[in-house]
Amino acid sequence: MRLVALLLLLPWALAQTLLPADTFGLSFREEAGAWIYEGEGVRLVHVPGVGWVEPLDPSLPPPDGERIPLEALKALGYFRTPEAGVRHGTQGRALRIVLDLPGPEPAPKPPSEGQAPGTLSLLLPYLAPGITQVPWPKGVGARVRLLPGGTELSLSFPGKLLRYRLFPLKDPDRLVLDLYVLEAEVEEPLAPGVRYREVWAFAPEPLRLYLVEAEKGRLVPVGRPGVRALPKDLAKDALAVLNGGYFDPKTATPLGLWVQDGVTVSYPFGRVALMWDSFGFFMGFPRFEAVVQGPRGERVRVGINASRARYTAHTVPGPVGKEGEEVALVVGERVQAILPAPQELPAGAWALTFPKGSPPFPLEPGDPLSLYGRLDPPVRYALEGGPLLVREGQYAFDPSRENFRDPRPLQAMAPQAAVAWTREGRLWLLVSEPTTPGVLARALLALGAWNALRMDGGGSAQLWVKGRLRNPYQGSPRPVVSALALYVP
């Protein structure tokens, strides 16, 4: 777990600490010249100028009106729990409080967590006077009570979400409390069965998600290869629009499968794709059959992009082919040249690679050459993204199984975009605050995702709702090539 701020290791010496009587669960009153403290099954009396009356030793530190010394109650045996030292600091978004325990817990409790809007109350099973010295976040109302059964902590911060995580650590024995003061969650109805939400998911640190949740509707991939635009401008009449798959930044060529109304717009790139017909979705590596037709009608099955074979079709700009191969460069369904591999494939062209001197059929510059492809089974819509994040309720992030040659973008802290759905079939179009895909996968699992697929992230990650960008964005939103548009009747 990465420390964003240093944990301060500050023990607190609290000798002769005077605290209000109600801090200990006691009431205070004056009667016949004596100060009387009552509650939690005890009655203590102090006569100013004389000292404590039974049951306390008169030599113990005196009170000061309604303020009573902690040491007097310790001497009485008022507390039934052992005393713990207290340290505090920050870790990420959390205020961390560490109780240094006097020894192993007799029956260690498992980690616990919880949250509440605006208020939160906890009972820590130790006497922890040092918590009275903790500097609480600005705006947080905090009340600490040192009771016989432990330390009661009550927090209030109207308009915020208060969350805690309490867990033990060993060697040495500690009890750690992480407290979070978070922006309130948001829920906004958009249409029957569709709502916009801003929620916190925990993995275990809090992660803010901006999502549209739909129980019904029509999801359509929108955009055009070679053309960039903001997602909202690719589907101006859509209820919500999420940025789509990857593209080559130089040429705006889409990278990966894209099927629009049953027509293949872009070919697979070796990553997991989202596929669907109506409002039933599935994810996986596309079973795609690619065929090249030669100048005399000959047909041969070929590999496509990262799925290489003896004969491979390439549709993505960049270097294609390997040593010992040749490249037939095709523009406008005509062979422009046959060149030794590797070669740089320009935008708007495709290429067929084959072993040197062994094309699938006689082939010369100027010959017609066509590329065809289809999914098995066919679907109406598909859009490739990746990596896979969640599959059937299980963590599935493993970019090594997909065509991600450079892992660095997947390790960077950046906004993430994803498509997910619950086991009940509720669709999520979402963008997260900056994180990594692996953390997003665990957060979505904690939130109840059944399946989830990452789309293009970083500067491309955008969720537009009714023409308004809902996720925070640094600078100007980035134009993209494809997007997923949600329509409702």
# chains A, B, ... in the order shown; residues from 1 in each chain; ligands from 1

$ select_by_dssp --residues "region 432-475 of chain A" --states "alpha helix (DSSP H)" --output "PDB file with N, CA and C atoms, in the first residue's frame"
ATOM      1  N   PRO A 437      -5.818   0.067 -14.327  1.00  0.00           N
ATOM      2  CA  PRO A 437      -6.866  -0.895 -14.679  1.00  0.00           C
ATOM      3  C   PRO A 437      -7.046  -2.006 -13.659  1.00  0.00           C
ATOM      4  N   GLY A 438      -5.945  -2.479 -13.071  1.00  0.00           N
ATOM      5  CA  GLY A 438      -6.066  -3.540 -12.076  1.00  0.00           C
ATOM      6  C   GLY A 438      -6.846  -3.097 -10.859  1.00  0.00           C
ATOM      7  N   VAL A 439      -6.612  -1.873 -10.396  1.00  0.00           N
ATOM      8  CA  VAL A 439      -7.362  -1.346  -9.250  1.00  0.00           C
ATOM      9  C   VAL A 439      -8.826  -1.156  -9.637  1.00  0.00           C
ATOM     10  N   LEU A 440      -9.063  -0.665 -10.864  1.00  0.00           N
ATOM     11  CA  LEU A 440     -10.441  -0.498 -11.312  1.00  0.00           C
ATOM     12  C   LEU A 440     -11.168  -1.838 -11.318  1.00  0.00           C
ATOM     13  N   ALA A 441     -10.492  -2.900 -11.755  1.00  0.00           N
ATOM     14  CA  ALA A 441     -11.127  -4.224 -11.774  1.00  0.00           C
ATOM     15  C   ALA A 441     -11.576  -4.628 -10.375  1.00  0.00           C
ATOM     16  N   ARG A 442     -10.718  -4.422  -9.384  1.00  0.00           N
ATOM     17  CA  ARG A 442     -11.089  -4.796  -8.012  1.00  0.00           C
ATOM     18  C   ARG A 442     -12.203  -3.893  -7.475  1.00  0.00           C
ATOM     19  N   ALA A 443     -12.182  -2.628  -7.849  1.00  0.00           N
ATOM     20  CA  ALA A 443     -13.244  -1.717  -7.415  1.00  0.00           C
ATOM     21  C   ALA A 443     -14.586  -2.123  -8.012  1.00  0.00           C
ATOM     22  N   LEU A 444     -14.595  -2.504  -9.286  1.00  0.00           N
ATOM     23  CA  LEU A 444     -15.845  -2.908  -9.925  1.00  0.00           C
ATOM     24  C   LEU A 444     -16.376  -4.206  -9.317  1.00  0.00           C
ATOM     25  N   LEU A 445     -15.471  -5.111  -8.970  1.00  0.00           N
ATOM     26  CA  LEU A 445     -15.900  -6.325  -8.274  1.00  0.00           C
ATOM     27  C   LEU A 445     -16.564  -5.970  -6.951  1.00  0.00           C
ATOM     28  N   ALA A 446     -15.946  -5.057  -6.200  1.00  0.00           N
ATOM     29  CA  ALA A 446     -16.515  -4.661  -4.910  1.00  0.00           C
ATOM     30  C   ALA A 446     -17.879  -4.004  -5.085  1.00  0.00           C
ATOM     31  N   LEU A 447     -18.092  -3.382  -6.238  1.00  0.00           N
ATOM     32  CA  LEU A 447     -19.353  -2.690  -6.494  1.00  0.00           C
ATOM     33  C   LEU A 447     -20.426  -3.624  -7.032  1.00  0.00           C
TER      34      LEU A 447
END

$ atom_distance --atom1 "CA of Phe167 (chain A)" --atom2 "CA of Gly114 (chain A)"
12.1 Å

$ closest_atom_pairs --of "region 342-412 of chain A" --to "region 303-308 of chain A" --cutoff "10 Å" --atoms "only C-alpha atoms" --output "CSV"
residue,atom,partner,partner_atom,distance
A:Ala351,CA,A:Asn305,CA,9.8
A:Leu352,CA,A:Ile304,CA,9.4
A:Thr353,CA,A:Arg308,CA,9.5
A:Gly373,CA,A:Ile304,CA,9.3
A:Glu402,CA,A:Ala306,CA,9.5
A:Asn403,CA,A:Ala306,CA,7.0

$ write_last_selection --atoms "C-alpha atoms" --output "tab-separated table (two decimals), in the first residue's frame"
chain	number	residue	atom	x	y	z
A	351	ALA	CA	-1.20	-5.42	-46.70
A	352	LEU	CA	-0.89	-9.15	-47.22
A	353	THR	CA	2.28	-10.77	-45.88
A	373	GLY	CA	-14.12	-10.91	-42.83
A	402	GLU	CA	-4.03	-9.70	-25.01
A	403	ASN	CA	-2.10	-7.74	-27.62

$ select_by_dssp --residues "region 150-226 of chain A" --states "strand (DSSP E or B)" --output "ChimeraX atom specification"
/A:150-169,174-183,186-191,194-202,206-214,218-224

$ closest_residue --among "A:Asp233, A:Asp100, A:Glu215, A:Glu40" --to "Arg174 (chain A)" --atoms "only C-alpha atoms"
A:Asp100

$ closest_residue --among "A:Glu364, A:Pro172, A:Trp428, A:Glu183" --to "Arg195 (chain A)" --atoms "only C-alpha atoms"
A:Trp428

$ residues_around --residues "Val222 (chain A)" --least-positions-apart "3" --cutoff "7 Å" --atoms "only C-alpha atoms" --output "list in words"
Leu234, Ala235, Ser482, Ala483, Leu484 and Ala485 of chain A

$ closest_residue --among "A:Ala84, A:Leu339, A:Leu209, A:Val300" --to "Pro415 (chain A)" --atoms "only C-alpha atoms"
A:Leu209

$ closest_atom_pairs --of "region 231-298 of chain A" --to "region 421-426 of chain A" --cutoff "10 Å" --atoms "only C-alpha atoms" --output "tab-separated table"
residue	atom	partner	partner_atom	distance
A:Phe279	CA	A:Gly425	CA	8.8
A:Gly280	CA	A:Gly425	CA	7.9
A:Phe281	CA	A:Trp421	CA	8.5
A:Phe282	CA	A:Trp421	CA	9.7

$ atom_distance --atom1 "CA of Ala328 (chain A)" --atom2 "CA of Arg224 (chain A)"
25.9 Å

$ residues_around --residues "region 138-151 of chain A" --least-positions-apart "6" --cutoff "7 Å" --atoms "only C-alpha atoms" --output "PyMOL selection string"
chain A and resi 23-25+78-81+123-129+132+157

$ write_last_selection --atoms "C-alpha atoms" --output "tab-separated table (two decimals), in the first residue's frame"
chain	number	residue	atom	x	y	z
A	23	THR	CA	-16.06	12.54	28.07
A	24	PHE	CA	-16.15	9.64	30.54
A	25	GLY	CA	-19.92	9.18	30.40
A	78	TYR	CA	-13.26	2.56	36.12
A	79	PHE	CA	-12.02	1.26	32.76
A	80	ARG	CA	-12.55	-2.41	31.93
A	81	THR	CA	-10.38	-2.39	28.81
A	123	LEU	CA	-16.54	1.96	19.63
A	124	LEU	CA	-12.88	0.93	19.82
A	125	PRO	CA	-12.36	-1.84	22.41
A	126	TYR	CA	-9.46	-0.06	24.18
A	127	LEU	CA	-8.90	2.94	26.40
A	128	ALA	CA	-7.24	5.36	23.95
A	129	PRO	CA	-6.89	8.81	25.54
A	132	THR	CA	-8.56	13.31	22.15
A	157	PHE	CA	-19.74	16.21	8.57
